[in-house]
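Since the structure comes first, as structure tokens, the remarks are kept for the end.
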Amino acid sequence: MIKILKDGLLTTIQDLGRTGYQKYGVIVSGSMDTYAHRLANLLVGNEEEEALLEATLLGPVIEFKKDTVISICGGDLSPDINGKKVGMWKAIFVKSGAVLKFGKPKTGCRAYIAFAGGLDISKVMESRSTYIRAQIGGYKGRPLQSEDVIPLRRSSADHSQSQASTEDLLFNETDWTIASDMIPNYTSRPVISLIKGPQFEWFKEESQKALYSESFKISSQSDRMGYRLEGASLFLKAKKELISEAVAFGSIQVPPDGNPIILLADRQTTGGYPKIGQVASVDLPVLCQTKPGEQLSFKEVSLEEAQQAYLEQEHSIQLLKRSISLKIKEAFS
Amino acid sequence: MDYTISPLGDQAIVLTISKEINEEAQRKVQVLSKQLDEQQPDWMIEYIPAFTTVTIFYSPTMLAQEDVLPYQAAEMEIEQLMSSITIETAGEPRTIEIPVCYGGDFGPDLEFVAEHNSLSTDEVIDIHSSGDYSVYMIGFAPGFPFIGGMSKKIAAPRRDSPRLTIPERSVGIAGMQTGVYPIETPGGWQLIGRTPKKLFTPEADTPSLLRAGDKIKFKQISEEEYINWEEHSDD
């Protein structure tokens with residue numbers, strides 16, 4: 001099991017979301033950076049969707065109460081184990097008694113900590129994701145706090161040789177890591193691919209142009225539910241009411257004040273504001289690693305280009321999955 | 001059934017069934033929802049029914065074929081699905097009774113709603129509990145019903161400043177709408193009462209008591225009946 005010694009800014013348990021219940025008004029939740037989430041799990045031999053910890057900006061302090069294997073992917077929040085810098089995007093054998101903590105955020109703002117075997121907590125509506133407002137899922141339906149103890153499930157990595165070889169050390173990193181071209185570039189000024197939203201044509205021509213030509217600042221009122229953007233105000237050609245309909249991860253809705261909001265993991269299921277754009281799925285991870293105060297801009301892509309990019313990325317994740325599982329078989333044997 | 005199809009990003013497709021909110025659109029949304037529940041196509045991740053639309057989230061990898069965009073494949077799947085549906089397949093709507101203890105601590109704004117409409121509080125209760133309501137959509141919060149059919153006579157504007165917390169199961173009025181808050185949440189509705197009946201039960205197979213298409217009857221109960229109900233419920 002693991003024990004939380006310090007909670008950090010916002011550390012929650014997330015899997016890939018509570019899908020299938022949006023028709024009942026239940027939000028999806030789940031990890032913001034699903035790419036880092038999936039890779040973190042693959043590196044420790046878990047299924048991609050296994051629940052893990054999402055740490056935000058200032059990470060938690062975690063004590064390991066048993067030998068285990070972990071990995072840390074996503075934003076670089078300067079992780080260390082007992083004061084010694086520890087690598088990201090690789091598997092790490094950790095001894096009981098070791099303490100993981102985080103320092104200054106270097107790139108991105110969300111780190112994903114996966115544990116071999118996964119966190120031993122029960123599912124609510126088929127998911128372990130934390131839904132804070134409804135107080136369900138995760139650990140007691142809330143962010144983690146110091147003194148929380150979370151059990152880990154058994155894993156094939158529990159008694160591996162590499163584990164034994166760490167006798168004198170509190171941790172031991174594998175000598176292999178994810179290929180650098182598979183690690184996202186978490187820049188602080190990303191250019192995000194955008195597909196036209198369902199109500200794109202409702203907006204004034206200058207607003208349509210501004211969307212792609214201006215840069216926007218991420219407001220301090222941004223969280224897992226959505227990022228509020230500051231910059232050019234976007235307005236409709238004429239007053240028009242939208243009948244509430246479904247929204248999606250990455251929908252950009254524009255309330256009457258003209259300031260766009262990008263809807264993210266904790267978004268509501270439906271919305272009544274017109275949607276000017278929709279972030280291409282492949283760019284959601286990079287978007288979700290930007291933090292308040294940073295700038296971003298958009299470039300237009302067609303639906304076809306977005307789907308091609310998505311399929312290509314899925315294909316490379318499948319290839320990666322195969323090579324990781326071979327490596328793991330060696331390492332955990 | 002007439003409909004149009006359009007994309008919502010690269011993993012969802014929107015079926016628009018009507019340009020306006022009406023009973024027929026509602027029935028069509030229900031028929032389609034029922035069909036999707038029964039068929040559970042393997043490429044579908046989930047769907048969200050709304051007033052005039054059904055949005056289907058799909059797996060692009062499941063639909064990917066050589067030379068066919070996942071979106072186009074989804075379009076074809078949906079055309080096939082729609083050709084097999086007729087509006088007659090809609091079942092009879094269910095009627096769900098929601099007991100409400102009006103006024104007092106449970107309904108701190110009952111007086112306001114009465115004054116605003118130059119009615120007595122008893123008249124507001126009578127009008128509210130004698131209406132025929134239907135659920136148009138579940139959204140905004142888990143199990144939260146958008147309910148149509150409230151009498152104009154008891155309409156009331158939202159509060160100038162929203163309450164930071166509204167207790168779960170509060171019954172309120174906002175403009176021409178009435179609704180019940182399934183979970184504790186901030187909100188600006190005028191609160192007229194509270195129901196002891198749970199609208200959202202995360203551990204149940206069907207977590208939402210209500211679903212789109214249901215008919216609703218509000219029934220006035222006393223504070224004693226309210227307390228009895230709460231004590232005898234399973235939780």
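Chain identifiers are assigned as A, B, and so on, following the order in which chains appear in the structure tokens; residues are numbered from 1 within each chain, and ligands are numbered from 1 in order of appearance.
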**Request:** Using DSSP on the backbone, list every residue of range 12-83 of chain A that comes out as strand (DSSP E or B), and give them as a ChimeraX atom specification.
**Result:** /A:12-14,52-56,61-64,68-76,79-81
**Selection near His37 in chain A, 10 Å with only C-alpha atoms, sequence-local residues under 6 positions removed, as an NGL selection string** = :A and (14-16 or 30-31 or 48-54 or 72-74 or 111-114 or 285)
Pull out every residue of chain A that has at least one atom within 10 Å of chain B, counting only C-alpha atoms, and report them as a CSV table (one decimal) with all heavy atoms, in the first residue's frame.
chain,number,residue,atom,x,y,z
A,19,THR,N,-17.5,6.3,-18.5
A,19,THR,CA,-18.3,6.4,-19.7
A,19,THR,C,-19.6,5.5,-19.6
A,19,THR,O,-19.6,4.5,-18.9
A,19,THR,CB,-17.5,5.9,-21.0
A,19,THR,OG1,-16.9,4.7,-20.7
A,19,THR,CG2,-16.5,6.9,-21.3
A,20,GLY,N,-20.6,5.9,-20.4
A,20,GLY,CA,-21.8,5.1,-20.4
A,20,GLY,C,-22.9,5.7,-19.5
A,20,GLY,O,-24.0,5.2,-19.5
A,21,TYR,N,-22.6,6.6,-18.7
A,21,TYR,CA,-23.5,7.2,-17.7
A,21,TYR,C,-23.9,8.6,-18.0
A,21,TYR,O,-24.6,9.3,-17.2
A,21,TYR,CB,-23.0,7.0,-16.3
A,21,TYR,CG,-23.0,5.6,-15.9
A,21,TYR,CD1,-21.9,4.8,-16.2
A,21,TYR,CD2,-24.1,5.0,-15.2
A,21,TYR,CE1,-21.9,3.4,-15.9
A,21,TYR,CE2,-24.0,3.6,-14.9
A,21,TYR,CZ,-22.9,2.9,-15.2
A,21,TYR,OH,-22.9,1.5,-14.9
A,22,GLN,N,-23.4,9.2,-19.1
A,22,GLN,CA,-23.7,10.6,-19.4
A,22,GLN,C,-25.2,10.8,-19.7
A,22,GLN,O,-25.7,11.8,-19.5
A,22,GLN,CB,-22.9,11.1,-20.6
A,22,GLN,CG,-21.4,11.3,-20.3
A,22,GLN,CD,-20.7,12.2,-21.3
A,22,GLN,OE1,-20.8,13.4,-21.2
A,22,GLN,NE2,-20.1,11.6,-22.3
A,23,LYS,N,-25.8,9.7,-20.2
A,23,LYS,CA,-27.3,9.8,-20.4
A,23,LYS,C,-28.0,10.0,-19.1
A,23,LYS,O,-29.2,10.4,-19.2
A,23,LYS,CB,-27.8,8.6,-21.2
A,23,LYS,CG,-27.6,7.3,-20.5
A,23,LYS,CD,-28.1,6.1,-21.4
A,23,LYS,CE,-27.7,4.8,-20.7
A,23,LYS,NZ,-27.8,3.7,-21.6
A,24,TYR,N,-27.4,9.7,-18.0
A,24,TYR,CA,-28.1,10.0,-16.7
A,24,TYR,C,-27.6,11.3,-16.1
A,24,TYR,O,-27.8,11.6,-14.9
A,24,TYR,CB,-27.8,8.9,-15.7
A,24,TYR,CG,-28.2,7.5,-16.2
A,24,TYR,CD1,-27.3,6.5,-16.3
A,24,TYR,CD2,-29.6,7.3,-16.5
A,24,TYR,CE1,-27.7,5.2,-16.7
A,24,TYR,CE2,-30.0,6.0,-17.0
A,24,TYR,CZ,-29.0,5.0,-17.1
A,24,TYR,OH,-29.4,3.8,-17.5
A,25,GLY,N,-26.8,12.1,-16.9
A,25,GLY,CA,-26.3,13.3,-16.4
A,25,GLY,C,-25.0,13.2,-15.6
A,25,GLY,O,-24.6,14.1,-15.0
A,26,VAL,N,-24.4,12.0,-15.6
A,26,VAL,CA,-23.2,11.8,-14.8
A,26,VAL,C,-22.0,12.1,-15.7
A,26,VAL,O,-21.9,11.6,-16.8
A,26,VAL,CB,-23.1,10.3,-14.4
A,26,VAL,CG1,-21.8,10.0,-13.7
A,26,VAL,CG2,-24.3,9.9,-13.5
A,27,ILE,N,-21.1,13.0,-15.2
A,27,ILE,CA,-20.0,13.4,-16.0
A,27,ILE,C,-19.0,12.3,-16.2
A,27,ILE,O,-18.9,11.4,-15.4
A,27,ILE,CB,-19.4,14.7,-15.4
A,27,ILE,CG1,-18.7,14.4,-14.1
A,27,ILE,CG2,-20.4,15.8,-15.3
A,27,ILE,CD1,-17.9,15.6,-13.6
A,123,LYS,N,-15.0,0.2,-7.7
A,123,LYS,CA,-15.5,1.1,-8.8
A,123,LYS,C,-16.9,1.6,-8.4
A,123,LYS,O,-17.7,0.9,-7.6
A,123,LYS,CB,-15.7,0.2,-10.0
A,123,LYS,CG,-14.4,-0.1,-10.7
A,123,LYS,CD,-14.6,-0.9,-12.0
A,123,LYS,CE,-13.3,-1.2,-12.7
A,123,LYS,NZ,-13.5,-1.9,-14.0
A,124,VAL,N,-17.3,2.7,-8.8
A,124,VAL,CA,-18.6,3.2,-8.7
A,124,VAL,C,-19.1,3.5,-10.2
A,124,VAL,O,-18.4,4.2,-10.9
A,124,VAL,CB,-18.7,4.5,-7.9
A,124,VAL,CG1,-20.1,5.0,-7.8
A,124,VAL,CG2,-18.1,4.3,-6.5
A,125,MET,N,-20.2,3.0,-10.5
A,125,MET,CA,-20.7,3.1,-11.9
A,125,MET,C,-19.5,2.7,-12.9
A,125,MET,O,-19.2,3.5,-13.8
A,125,MET,CB,-21.2,4.5,-12.2
A,125,MET,CG,-22.5,4.7,-11.5
A,125,MET,SD,-23.2,6.3,-11.9
A,125,MET,CE,-22.4,7.3,-10.7
A,126,GLU,N,-18.9,1.6,-12.6
A,126,GLU,CA,-17.9,1.0,-13.5
A,126,GLU,C,-16.6,1.8,-13.7
A,126,GLU,O,-15.9,1.6,-14.6
A,126,GLU,CB,-18.5,0.7,-14.9
A,126,GLU,CG,-19.7,-0.2,-14.9
A,126,GLU,CD,-20.3,-0.4,-16.3
A,126,GLU,OE1,-19.7,-1.0,-17.1
A,126,GLU,OE2,-21.4,0.2,-16.5
A,133,ARG,N,-17.7,16.7,-7.2
A,133,ARG,CA,-18.9,17.4,-6.9
A,133,ARG,C,-20.0,16.4,-6.4
A,133,ARG,O,-20.8,16.7,-5.5
A,133,ARG,CB,-19.5,18.2,-8.0
A,133,ARG,CG,-20.1,19.4,-7.5
A,133,ARG,CD,-20.5,20.4,-8.6
A,133,ARG,NE,-21.9,20.0,-9.1
A,133,ARG,CZ,-22.5,20.7,-10.0
A,133,ARG,NH1,-21.9,21.6,-10.7
A,133,ARG,NH2,-23.7,20.3,-10.4
A,134,ALA,N,-20.1,15.2,-6.9
A,134,ALA,CA,-21.1,14.2,-6.5
A,134,ALA,C,-20.5,13.4,-5.4
A,134,ALA,O,-21.2,12.5,-4.9
A,134,ALA,CB,-21.5,13.4,-7.7
A,135,GLN,N,-19.2,13.6,-5.0
A,135,GLN,CA,-18.6,12.8,-4.0
A,135,GLN,C,-18.6,11.3,-4.2
A,135,GLN,O,-18.9,10.6,-3.3
A,135,GLN,CB,-19.2,13.2,-2.6
A,135,GLN,CG,-19.0,14.6,-2.2
A,135,GLN,CD,-19.7,15.1,-1.0
A,135,GLN,OE1,-20.4,14.3,-0.3
A,135,GLN,NE2,-19.6,16.3,-0.7
A,136,ILE,N,-18.3,10.9,-5.4
A,136,ILE,CA,-18.3,9.5,-5.7
A,136,ILE,C,-17.0,9.1,-6.4
A,136,ILE,O,-16.3,10.0,-6.9
A,136,ILE,CB,-19.5,9.0,-6.5
A,136,ILE,CG1,-19.5,9.8,-7.8
A,136,ILE,CG2,-20.8,9.2,-5.7
A,136,ILE,CD1,-20.6,9.2,-8.8
A,137,GLY,N,-16.7,7.8,-6.4
A,137,GLY,CA,-15.5,7.3,-7.0
A,137,GLY,C,-14.2,7.7,-6.3
A,137,GLY,O,-14.2,8.3,-5.3
A,194,LEU,N,-7.7,22.5,-34.3
A,194,LEU,CA,-9.1,22.7,-34.0
A,194,LEU,C,-10.0,22.4,-35.2
A,194,LEU,O,-9.7,22.8,-36.3
A,194,LEU,CB,-9.3,24.2,-33.7
A,194,LEU,CG,-10.5,24.7,-32.8
A,194,LEU,CD1,-10.3,24.0,-31.4
A,194,LEU,CD2,-10.4,26.2,-32.7
A,195,ILE,N,-11.1,21.6,-34.9
A,195,ILE,CA,-12.0,21.3,-36.0
A,195,ILE,C,-13.2,22.3,-35.8
A,195,ILE,O,-13.4,22.7,-34.7
A,195,ILE,CB,-12.6,19.9,-35.8
A,195,ILE,CG1,-11.5,18.9,-35.6
A,195,ILE,CG2,-13.5,19.5,-36.9
A,195,ILE,CD1,-11.9,17.6,-35.0
A,196,LYS,N,-13.8,22.7,-36.8
A,196,LYS,CA,-15.0,23.6,-36.7
A,196,LYS,C,-16.0,23.0,-35.8
A,196,LYS,O,-16.4,21.8,-35.9
A,196,LYS,CB,-15.6,23.9,-38.1
A,196,LYS,CG,-14.9,25.0,-38.9
A,196,LYS,CD,-15.6,25.2,-40.2
A,196,LYS,CE,-14.8,26.1,-41.1
A,196,LYS,NZ,-15.2,26.1,-42.5
A,197,GLY,N,-16.6,23.9,-34.9
A,197,GLY,CA,-17.6,23.4,-34.0
A,197,GLY,C,-19.0,23.4,-34.8
A,197,GLY,O,-19.1,24.0,-35.8
A,198,PRO,N,-20.0,22.7,-34.2
A,198,PRO,CA,-21.3,22.6,-34.8
A,198,PRO,C,-21.9,24.0,-35.1
A,198,PRO,O,-22.7,24.1,-36.1
A,198,PRO,CB,-22.1,21.8,-33.8
A,198,PRO,CG,-21.2,21.1,-32.9
A,198,PRO,CD,-19.9,22.0,-32.9
A,199,GLN,N,-21.6,25.0,-34.3
A,199,GLN,CA,-22.3,26.3,-34.6
A,199,GLN,C,-21.2,27.3,-35.1
A,199,GLN,O,-21.5,28.5,-34.9
A,199,GLN,CB,-22.9,26.8,-33.3
A,199,GLN,CG,-24.2,26.0,-32.8
A,199,GLN,CD,-23.9,24.8,-32.1
A,199,GLN,OE1,-22.9,24.7,-31.3
A,199,GLN,NE2,-24.7,23.7,-32.3
A,243,ILE,N,-30.7,25.2,-28.5
A,243,ILE,CA,-31.4,24.2,-27.6
A,243,ILE,C,-30.3,23.3,-27.0
A,243,ILE,O,-29.5,22.7,-27.7
A,243,ILE,CB,-32.4,23.4,-28.4
A,243,ILE,CG1,-33.4,24.3,-29.1
A,243,ILE,CG2,-33.0,22.3,-27.5
A,243,ILE,CD1,-34.3,23.6,-30.1
A,244,SER,N,-30.2,23.2,-25.7
A,244,SER,CA,-29.2,22.4,-25.0
A,244,SER,C,-29.0,21.1,-25.7
A,244,SER,O,-29.9,20.3,-26.0
A,244,SER,CB,-29.6,22.2,-23.5
A,244,SER,OG,-29.3,23.3,-22.8
A,245,GLU,N,-27.7,20.8,-25.9
A,245,GLU,CA,-27.3,19.5,-26.5
A,245,GLU,C,-26.0,19.0,-25.9
A,245,GLU,O,-25.4,19.7,-25.1
A,245,GLU,CB,-27.3,19.6,-28.0
A,245,GLU,CG,-26.2,20.7,-28.5
A,245,GLU,CD,-26.1,20.8,-30.0
A,245,GLU,OE1,-27.1,20.6,-30.7
A,245,GLU,OE2,-25.0,21.1,-30.4
A,246,ALA,N,-25.6,17.8,-26.3
A,246,ALA,CA,-24.4,17.2,-25.8
A,246,ALA,C,-23.2,18.1,-26.1
A,246,ALA,O,-23.1,18.7,-27.1
A,246,ALA,CB,-24.2,15.8,-26.4
A,247,VAL,N,-22.2,18.1,-25.2
A,247,VAL,CA,-20.9,18.6,-25.4
A,247,VAL,C,-19.9,17.5,-25.3
A,247,VAL,O,-20.2,16.4,-24.8
A,247,VAL,CB,-20.5,19.8,-24.4
A,247,VAL,CG1,-21.5,20.9,-24.5
A,247,VAL,CG2,-20.5,19.2,-23.0
A,248,ALA,N,-18.6,17.8,-25.7
A,248,ALA,CA,-17.6,16.7,-25.7
A,248,ALA,C,-16.3,17.3,-25.1
A,248,ALA,O,-16.2,18.5,-24.9
A,248,ALA,CB,-17.3,16.2,-27.1
A,249,PHE,N,-15.4,16.4,-24.8
A,249,PHE,CA,-14.1,16.7,-24.3
A,249,PHE,C,-13.4,17.6,-25.4
A,249,PHE,O,-13.2,17.1,-26.5
A,249,PHE,CB,-13.3,15.5,-24.0
A,249,PHE,CG,-12.0,15.6,-23.1
A,249,PHE,CD1,-11.4,14.4,-22.6
A,249,PHE,CD2,-11.5,16.8,-22.8
A,249,PHE,CE1,-10.3,14.5,-21.8
A,249,PHE,CE2,-10.4,16.9,-22.0
A,249,PHE,CZ,-9.8,15.8,-21.5
A,250,GLY,N,-13.1,18.9,-25.1
A,250,GLY,CA,-12.5,19.7,-26.0
A,250,GLY,C,-13.4,20.6,-26.8
A,250,GLY,O,-13.0,21.4,-27.7
A,251,SER,N,-14.7,20.6,-26.5
A,251,SER,CA,-15.7,21.5,-27.1
A,251,SER,C,-15.4,22.9,-26.7
A,251,SER,O,-15.1,23.1,-25.5
A,251,SER,CB,-17.1,21.2,-26.7
A,251,SER,OG,-17.6,20.0,-27.3
A,267,ARG,N,-16.3,18.2,-17.5
A,267,ARG,CA,-17.3,19.0,-18.1
A,267,ARG,C,-18.7,18.4,-17.8
A,267,ARG,O,-18.9,17.2,-17.5
A,267,ARG,CB,-17.2,19.0,-19.6
A,267,ARG,CG,-17.4,17.6,-20.2
A,267,ARG,CD,-16.9,17.4,-21.6
A,267,ARG,NE,-17.1,16.1,-22.0
A,267,ARG,CZ,-16.2,15.1,-21.7
A,267,ARG,NH1,-15.2,15.3,-21.0
A,267,ARG,NH2,-16.4,13.8,-22.1
A,268,GLN,N,-19.7,19.3,-17.9
A,268,GLN,CA,-21.1,18.8,-17.8
A,268,GLN,C,-21.4,18.0,-19.0
A,268,GLN,O,-20.7,18.1,-20.0
A,268,GLN,CB,-22.1,20.0,-17.6
A,268,GLN,CG,-22.0,20.7,-16.3
A,268,GLN,CD,-22.8,22.0,-16.2
A,268,GLN,OE1,-23.6,22.2,-17.1
A,268,GLN,NE2,-22.6,22.7,-15.2
A,269,THR,N,-22.5,17.3,-19.0
A,269,THR,CA,-22.8,16.4,-20.1
A,269,THR,C,-23.4,17.2,-21.3
A,269,THR,O,-23.2,16.8,-22.4
A,269,THR,CB,-23.8,15.3,-19.7
A,269,THR,OG1,-25.0,15.9,-19.1
A,269,THR,CG2,-23.2,14.4,-18.7
A,270,THR,N,-24.2,18.2,-21.0
A,270,THR,CA,-24.9,19.0,-22.0
A,270,THR,C,-24.6,20.5,-21.8
A,270,THR,O,-24.3,20.9,-20.7
A,270,THR,CB,-26.4,18.8,-22.0
A,270,THR,OG1,-26.9,19.1,-20.7
A,270,THR,CG2,-26.7,17.3,-22.3
A,271,GLY,N,-24.8,21.3,-22.8
A,271,GLY,CA,-24.7,22.7,-22.7
A,271,GLY,C,-25.5,23.5,-23.7
A,271,GLY,O,-25.9,22.9,-24.7
A,275,LYS,N,-21.2,26.3,-29.8
A,275,LYS,CA,-19.8,25.7,-29.8
A,275,LYS,C,-19.1,26.1,-31.1
A,275,LYS,O,-19.5,25.7,-32.2
A,275,LYS,CB,-19.8,24.2,-29.7
A,275,LYS,CG,-20.4,23.8,-28.4
A,275,LYS,CD,-20.6,22.3,-28.3
A,275,LYS,CE,-21.8,21.7,-29.1
A,275,LYS,NZ,-23.1,22.3,-28.7
A,277,GLY,N,-15.8,25.7,-31.8
A,277,GLY,CA,-14.8,24.8,-32.3
A,277,GLY,C,-14.7,23.5,-31.4
A,277,GLY,O,-15.4,23.4,-30.4
A,278,GLN,N,-13.9,22.6,-31.9
A,278,GLN,CA,-13.7,21.3,-31.1
A,278,GLN,C,-12.2,20.9,-31.3
A,278,GLN,O,-11.7,20.8,-32.4
A,278,GLN,CB,-14.6,20.3,-31.7
A,278,GLN,CG,-14.5,18.9,-31.1
A,278,GLN,CD,-15.0,18.8,-29.7
A,278,GLN,OE1,-16.1,19.4,-29.4
A,278,GLN,NE2,-14.3,18.1,-28.9
A,279,VAL,N,-11.5,20.8,-30.2
A,279,VAL,CA,-10.1,20.5,-30.2
A,279,VAL,C,-10.0,19.0,-30.7
A,279,VAL,O,-10.7,18.1,-30.3
A,279,VAL,CB,-9.5,20.6,-28.8
A,279,VAL,CG1,-8.1,20.1,-28.7
A,279,VAL,CG2,-9.6,22.0,-28.2
A,280,ALA,N,-9.0,18.9,-31.7
A,280,ALA,CA,-8.7,17.5,-32.2
A,280,ALA,C,-8.2,16.7,-31.0
A,280,ALA,O,-7.4,17.1,-30.2
A,280,ALA,CB,-7.7,17.6,-33.3
A,281,SER,N,-8.7,15.4,-31.0
A,281,SER,CA,-8.4,14.5,-29.8
A,281,SER,C,-6.9,14.4,-29.6
A,281,SER,O,-6.5,14.4,-28.4
A,281,SER,CB,-9.0,13.2,-30.1
A,281,SER,OG,-10.4,13.2,-30.1
A,282,VAL,N,-6.1,14.4,-30.7
A,282,VAL,CA,-4.7,14.2,-30.5
A,282,VAL,C,-4.0,15.3,-29.7
A,282,VAL,O,-2.9,15.2,-29.2
A,282,VAL,CB,-3.9,13.9,-31.8
A,282,VAL,CG1,-4.2,12.5,-32.3
A,282,VAL,CG2,-4.2,15.0,-32.8
A,302,SER,N,-9.1,19.9,-40.7
A,302,SER,CA,-10.4,19.3,-41.1
A,302,SER,C,-10.7,18.1,-40.2
A,302,SER,O,-9.8,17.5,-39.6
A,302,SER,CB,-10.3,18.9,-42.6
A,302,SER,OG,-9.4,17.8,-42.7
A,303,LEU,N,-11.9,17.6,-40.3
A,303,LEU,CA,-12.3,16.4,-39.5
A,303,LEU,C,-11.5,15.2,-40.0
A,303,LEU,O,-11.0,14.4,-39.2
A,303,LEU,CB,-13.8,16.2,-39.7
A,303,LEU,CG,-14.4,14.9,-39.2
A,303,LEU,CD1,-14.2,14.8,-37.7
A,303,LEU,CD2,-15.8,14.7,-39.5
A,304,GLU,N,-11.3,15.2,-41.3
A,304,GLU,CA,-10.5,14.1,-41.9
A,304,GLU,C,-9.1,14.1,-41.4
A,304,GLU,O,-8.6,13.0,-41.0
A,304,GLU,CB,-10.5,14.3,-43.4
A,304,GLU,CG,-9.8,13.1,-44.1
A,304,GLU,CD,-10.1,13.1,-45.6
A,304,GLU,OE1,-10.7,14.1,-46.1
A,304,GLU,OE2,-9.7,12.1,-46.3
A,305,GLU,N,-8.4,15.3,-41.3
A,305,GLU,CA,-7.1,15.3,-40.8
A,305,GLU,C,-7.0,14.9,-39.4
A,305,GLU,O,-6.1,14.2,-38.9
A,305,GLU,CB,-6.5,16.8,-41.0
A,305,GLU,CG,-6.2,17.1,-42.4
A,305,GLU,CD,-6.0,18.6,-42.6
A,305,GLU,OE1,-6.6,19.5,-41.9
A,305,GLU,OE2,-5.2,19.0,-43.4
A,306,ALA,N,-8.0,15.4,-38.6
A,306,ALA,CA,-8.0,15.0,-37.2
A,306,ALA,C,-8.2,13.5,-37.0
A,306,ALA,O,-7.5,12.9,-36.1
A,306,ALA,CB,-9.2,15.8,-36.5
A,307,GLN,N,-9.0,12.9,-37.8
A,307,GLN,CA,-9.2,11.5,-37.6
A,307,GLN,C,-8.0,10.7,-38.1
A,307,GLN,O,-7.7,9.7,-37.5
A,307,GLN,CB,-10.5,11.0,-38.3
A,307,GLN,CG,-11.8,11.6,-37.6
A,307,GLN,CD,-13.0,10.8,-37.8
A,307,GLN,OE1,-13.3,10.4,-39.0
A,307,GLN,NE2,-13.8,10.7,-36.8
A,308,GLN,N,-7.4,11.1,-39.1
A,308,GLN,CA,-6.2,10.5,-39.6
A,308,GLN,C,-5.1,10.5,-38.5
A,308,GLN,O,-4.5,9.5,-38.2
A,308,GLN,CB,-5.6,11.2,-40.9
A,308,GLN,CG,-6.4,10.8,-42.1
A,308,GLN,CD,-6.3,9.4,-42.5
A,308,GLN,OE1,-5.6,8.6,-41.9
A,308,GLN,NE2,-7.1,9.0,-43.5
A,310,TYR,N,-5.5,10.9,-35.4
A,310,TYR,CA,-5.9,10.0,-34.3
A,310,TYR,C,-5.6,8.6,-34.5
A,310,TYR,O,-5.0,7.9,-33.7
A,310,TYR,CB,-7.4,10.2,-34.0
A,310,TYR,CG,-8.0,9.3,-32.9
A,310,TYR,CD1,-8.0,9.8,-31.6
A,310,TYR,CD2,-8.5,8.1,-33.2
A,310,TYR,CE1,-8.5,9.0,-30.6
A,310,TYR,CE2,-9.0,7.2,-32.2
A,310,TYR,CZ,-9.0,7.7,-30.9
A,310,TYR,OH,-9.4,6.9,-29.9
A,311,LEU,N,-5.9,8.1,-35.7
A,311,LEU,CA,-5.7,6.7,-36.1
A,311,LEU,C,-4.2,6.4,-36.1
A,311,LEU,O,-3.8,5.4,-35.6
A,311,LEU,CB,-6.3,6.4,-37.4
A,311,LEU,CG,-7.9,6.4,-37.5
A,311,LEU,CD1,-8.4,6.1,-38.9
A,311,LEU,CD2,-8.5,5.4,-36.5
A,312,GLU,N,-3.4,7.4,-36.6
A,312,GLU,CA,-1.9,7.1,-36.6
A,312,GLU,C,-1.4,7.1,-35.2
A,312,GLU,O,-0.6,6.2,-34.9
A,312,GLU,CB,-1.2,8.3,-37.4
A,312,GLU,CG,-1.3,8.1,-38.9
A,312,GLU,CD,-1.0,9.4,-39.6
A,312,GLU,OE1,-0.3,10.2,-39.1
A,312,GLU,OE2,-1.5,9.5,-40.8
A,314,GLU,N,-3.0,6.2,-32.5
A,314,GLU,CA,-3.5,4.9,-31.9
A,314,GLU,C,-2.6,3.7,-32.4
A,314,GLU,O,-2.3,2.8,-31.6
A,314,GLU,CB,-4.9,4.6,-32.2
A,314,GLU,CG,-5.9,5.5,-31.5
A,314,GLU,CD,-5.7,5.4,-29.9
A,314,GLU,OE1,-5.7,4.3,-29.4
A,314,GLU,OE2,-5.5,6.5,-29.3
A,315,HIS,N,-2.3,3.8,-33.7
A,315,HIS,CA,-1.4,2.8,-34.2
A,315,HIS,C,0.0,2.7,-33.5
A,315,HIS,O,0.4,1.7,-33.2
A,315,HIS,CB,-1.3,3.0,-35.7
A,315,HIS,CG,-0.4,1.9,-36.4
A,315,HIS,ND1,-0.8,0.6,-36.5
A,315,HIS,CD2,0.8,2.0,-37.0
A,315,HIS,CE1,0.1,-0.1,-37.2
A,315,HIS,NE2,1.1,0.8,-37.5
**Request:** Have a look at CA of Leu170 in chain A and CA of Asp67 in chain A and let me know their distance in Å, one decimal.
**Result:**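 Separation between CA of Leu170 in chain A and CA of Asp67 in chain A: 9.3 Å.
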**Prompt:** How far is it from CA of Gly75 in chain A to CA of Pro105 in chain A, in Å with one decimal?
**Reply:** 7.6 Å
**Request:** Excluding Ala265 in chain A and residues on its chain fewer than 5 positions from it, collect all residues at most 6 Å away from it, counting only C-alpha atoms, and give them as a ChimeraX atom specification.
**Result:** /A:29,32,224-225
**Asked** Given the choices A:Gly293, A:Leu57, A:Ser193, A:Gly141, which gets closest to Ala309 in chain A if the distance is worked out from only C-alpha atoms?
**Response** A:Ser193
**Item:** Test item: residues at most 9 Å from Ala116 in chain A, only C-alpha atoms, excluding those fewer than 5 positions along its chain, as a list in words
**Value:**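 The residues that qualify are Asn41, Leu43, Val44, Gly45, Asn46, Thr68, Val69, Ile70, Ser71, Leu152, Arg153, Arg154, Ser155, Ser156, Ala157 and Asp158 of chain A.
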**Request:** Would you list the contacts of Leu242 in chain A as an NGL selection string, taking every protein, DNA or RNA residue within 7 Å and counting only C-alpha atoms, but skipping same-chain residues closer than 6 positions in sequence?
**Result:** :A and (272-274)
**Asked** What separation in Å, quoted to one decimal, exists between CA of Asp160 in chain B and CA of Trp189 in chain B?
**Response**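 Going from CA of Asp160 in chain B over to CA of Trp189 in chain B covers 9.7 Å.
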